[in-house]
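K.L.:
Take a look at query_17.cif, mmCIF, C-alpha atoms, pLDDT in the B column; chains and numbers go by the auth columns:
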```cif
data_data
#
loop_
_atom_site.group_PDB
_atom_site.id
_atom_site.type_symbol
_atom_site.label_atom_id
_atom_site.label_comp_id
_atom_site.label_asym_id
_atom_site.label_seq_id
_atom_site.Cartn_x
_atom_site.Cartn_y
_atom_site.Cartn_z
_atom_site.B_iso_or_equiv
_atom_site.auth_seq_id
_atom_site.auth_asym_id
ATOM 1 C CA MET A 1 0.000 0.000 0.000 82.00 1 A
ATOM 2 C CA GLU A 2 1.294 3.457 -0.877 93.00 2 A
ATOM 3 C CA LYS A 3 2.624 5.717 1.846 95.00 3 A
ATOM 4 C CA GLU A 4 0.153 8.441 0.860 96.00 4 A
ATOM 5 C CA LYS A 5 -2.782 6.156 1.627 96.00 5 A
ATOM 6 C CA LEU A 6 -1.311 5.124 4.975 96.00 6 A
ATOM 7 C CA ASP A 7 -0.741 8.789 5.805 97.00 7 A
ATOM 8 C CA ARG A 8 -4.357 9.534 4.867 97.00 8 A
ATOM 9 C CA ILE A 9 -5.623 6.797 7.211 97.00 9 A
ATOM 10 C CA SER A 10 -3.562 8.343 10.008 97.00 10 A
ATOM 11 C CA GLU A 11 -4.819 11.817 9.163 97.00 11 A
ATOM 12 C CA LEU A 12 -8.453 10.693 9.238 97.00 12 A
ATOM 13 C CA THR A 13 -7.863 8.991 12.589 96.00 13 A
ATOM 14 C CA ARG A 14 -6.379 12.210 14.022 97.00 14 A
ATOM 15 C CA ILE A 15 -9.342 14.184 12.690 97.00 15 A
ATOM 16 C CA SER A 16 -11.799 11.697 14.209 97.00 16 A
ATOM 17 C CA ARG A 17 -10.278 12.329 17.641 97.00 17 A
ATOM 18 C CA GLU A 18 -10.898 16.066 17.277 97.00 18 A
ATOM 19 C CA ARG A 19 -14.352 16.018 15.691 97.00 19 A
ATOM 20 C CA GLU A 20 -16.928 13.746 14.121 97.00 20 A
ATOM 21 C CA LEU A 21 -15.954 12.637 10.610 97.00 21 A
ATOM 22 C CA THR A 22 -18.220 13.627 7.751 97.00 22 A
ATOM 23 C CA GLU A 23 -19.979 10.809 5.933 98.00 23 A
ATOM 24 C CA ALA A 24 -17.538 11.138 3.021 98.00 24 A
ATOM 25 C CA GLU A 25 -14.516 11.007 5.361 97.00 25 A
ATOM 26 C CA HIS A 26 -15.957 8.023 7.195 97.00 26 A
ATOM 27 C CA LEU A 27 -16.515 6.134 3.939 98.00 27 A
ATOM 28 C CA GLU A 28 -13.034 7.057 2.714 98.00 28 A
ATOM 29 C CA ARG A 29 -11.468 5.769 5.940 97.00 29 A
ATOM 30 C CA GLN A 30 -13.448 2.519 5.728 97.00 30 A
ATOM 31 C CA GLN A 31 -12.344 1.983 2.124 97.00 31 A
ATOM 32 C CA LEU A 32 -8.694 2.729 2.923 97.00 32 A
ATOM 33 C CA ARG A 33 -8.758 0.411 5.931 97.00 33 A
ATOM 34 C CA SER A 34 -10.251 -2.395 3.836 97.00 34 A
ATOM 35 C CA GLU A 35 -7.553 -1.862 1.224 96.00 35 A
ATOM 36 C CA TYR A 36 -4.885 -1.940 3.952 97.00 36 A
ATOM 37 C CA ARG A 37 -6.259 -5.172 5.464 97.00 37 A
ATOM 38 C CA ALA A 38 -6.359 -6.823 2.031 97.00 38 A
ATOM 39 C CA ALA A 39 -2.735 -5.829 1.394 96.00 39 A
ATOM 40 C CA VAL A 40 -1.573 -7.141 4.782 96.00 40 A
ATOM 41 C CA LEU A 41 -3.451 -10.426 4.371 96.00 41 A
ATOM 42 C CA GLY A 42 -2.128 -10.846 0.822 95.00 42 A
ATOM 43 C CA ASN A 43 1.452 -10.325 1.979 95.00 43 A
ATOM 44 C CA PHE A 44 0.965 -12.714 4.882 94.00 44 A
ATOM 45 C CA LYS A 45 -0.510 -15.379 2.599 91.00 45 A
ATOM 46 C CA ASN A 46 2.437 -15.061 0.209 91.00 46 A
ATOM 47 C CA GLN A 47 4.893 -15.420 3.075 92.00 47 A
ATOM 48 C CA LEU A 48 3.134 -18.532 4.380 89.00 48 A
ATOM 49 C CA GLU A 49 2.930 -20.136 0.952 86.00 49 A
ATOM 50 C CA ASN A 50 6.673 -19.729 0.446 89.00 50 A
ATOM 51 C CA ILE A 51 7.631 -21.456 3.681 93.00 51 A
ATOM 52 C CA THR A 52 9.282 -24.832 3.213 93.00 52 A
ATOM 53 C CA LEU A 53 8.468 -27.555 5.715 90.00 53 A
ATOM 54 C CA VAL A 54 10.788 -30.437 6.456 92.00 54 A
ATOM 55 C CA GLU A 55 8.912 -33.717 6.869 90.00 55 A
ATOM 56 C CA PRO A 56 10.026 -36.273 9.473 93.00 56 A
ATOM 57 C CA ASP A 57 11.615 -38.313 6.666 94.00 57 A
ATOM 58 C CA GLY A 58 13.687 -35.264 5.587 92.00 58 A
ATOM 59 C CA LYS A 59 11.617 -34.453 2.509 92.00 59 A
ATOM 60 C CA LYS A 60 11.151 -30.703 1.905 93.00 60 A
ATOM 61 C CA VAL A 61 7.667 -29.521 0.933 89.00 61 A
ATOM 62 C CA ARG A 62 6.476 -25.963 0.245 90.00 62 A
ATOM 63 C CA VAL A 63 3.322 -25.004 2.162 86.00 63 A
ATOM 64 C CA ALA A 64 1.651 -23.928 -1.108 84.00 64 A
ATOM 65 C CA ASP A 65 2.249 -27.388 -2.603 85.00 65 A
ATOM 66 C CA ARG A 66 0.918 -29.099 0.523 81.00 66 A
ATOM 67 C CA MET A 67 -2.215 -26.926 0.477 81.00 67 A
ATOM 68 C CA LYS A 68 -2.843 -27.731 -3.190 83.00 68 A
ATOM 69 C CA LYS A 69 -2.527 -31.416 -2.416 82.00 69 A
ATOM 70 C CA MET A 70 -4.915 -31.145 0.546 82.00 70 A
ATOM 71 C CA THR A 71 -7.564 -29.242 -1.440 83.00 71 A
ATOM 72 C CA GLY A 72 -7.178 -31.352 -4.577 81.00 72 A
ATOM 73 C CA GLU A 73 -5.870 -28.513 -6.745 71.00 73 A
ATOM 74 C CA GLU A 74 -3.226 -30.550 -8.550 59.00 74 A
ATOM 75 C CA ASN A 75 -1.873 -28.999 -11.776 50.00 75 A
#
```
Go ahead and express the file in the form of C-alpha cells.

P.N.:
Amino acid sequence: MEKEKLDRISELTRISRERELTEAEHLERQQLRSEYRAAVLGNFKNQLENITLVEPDGKKVRVADRMKKMTGEEN
C-alpha cells in the first residue's frame, strides 16, 4: 500500500479524535482500511505459501504445494 494512503488513514484517525468525521470522510477511511487489510493479508498469505516444511523423513515440501494437495488442486 502506498505511503500516501497510509498517511491519509492516520490523518483521518487524528481528525476523528478532534471532531466527528463527515460521511464522506468516514466512507473514505473505511475503504482505505479495507484496502490496507487486504494488502496485509495478501502479503501474509504469500509469506506462508513460500515457507518450506521439512517432513520427518527429511523431505522438503512448500506449504503452497501441501495446500494444493490437501484441497485437490493438482496442476

K.L.:
Which polymer residues, protein or nucleic acid, are no farther than 8 Å from (4.0, -21.5, -0.8), counting all atoms listed in the file, as number ranges by chain?

P.N.:
A: 46-52, 62-65

K.L.:
For those residues, write C-alpha atoms to a file as an mmCIF file, in the coordinates of the input.

P.N.:
```
data_model
loop_
_atom_site.group_PDB
_atom_site.id
_atom_site.type_symbol
_atom_site.label_atom_id
_atom_site.label_comp_id
_atom_site.auth_asym_id
_atom_site.auth_seq_id
_atom_site.Cartn_x
_atom_site.Cartn_y
_atom_site.Cartn_z
ATOM 1 C CA ASN A 46 2.437 -15.061 0.209
ATOM 2 C CA GLN A 47 4.893 -15.420 3.075
ATOM 3 C CA LEU A 48 3.134 -18.532 4.380
ATOM 4 C CA GLU A 49 2.930 -20.136 0.952
ATOM 5 C CA ASN A 50 6.673 -19.729 0.446
ATOM 6 C CA ILE A 51 7.631 -21.456 3.681
ATOM 7 C CA THR A 52 9.282 -24.832 3.213
ATOM 8 C CA ARG A 62 6.476 -25.963 0.245
ATOM 9 C CA VAL A 63 3.322 -25.004 2.162
ATOM 10 C CA ALA A 64 1.651 -23.928 -1.108
ATOM 11 C CA ASP A 65 2.249 -27.388 -2.603
#
```

K.L.:
Taking the file as shown, what set of residues would the PyMOL selection byres ((chain A and resi 5-8) around 10) give back, as a PyMOL selection string?

P.N.:
chain A and resi 1-4+9-14+28-29+32-33+35-36

K.L.:
One decimal, in Å: what's the spacing between atom CA of A:Lys45 and atom CA of A:His26?

P.N.:
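Distance reported for this atom pair: 28.4 Å.
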
K.L.:
Just give me the gap between atom CA of A:Val61 and atom CA of A:Phe44 in Å, one decimal is fine.

P.N.:
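We find that atom CA of A:Val61 and atom CA of A:Phe44 lie 18.5 Å from each other.
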
K.L.:
With all atoms listed in the file as the basis for distance, which of A:Ala24, A:Ser34, A:Arg66, A:Val40 is at the shortest distance from A:Val54?

P.N.:
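Residue with the minimum atom-to-atom distance to A:Val54: A:Arg66.
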
K.L.:
Find the distance between atom CA of A:Met67 and atom CA of A:Gly42 and write it in Å to one decimal.

P.N.:
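So the two atoms, atom CA of A:Met67 and atom CA of A:Gly42, lie 16.1 Å apart.
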
K.L.:
Report as JSON the centre and the edge lengths, in Å to one decimal, of the axis-aligned box holding every listed atom of stretch 45-58 of chain A, padded by 3 Å on each side.

P.N.:
```
{"center_x": 6.6, "center_y": -26.7, "center_z": 4.8, "size_x": 20.2, "size_y": 29.3, "size_z": 15.3}
```
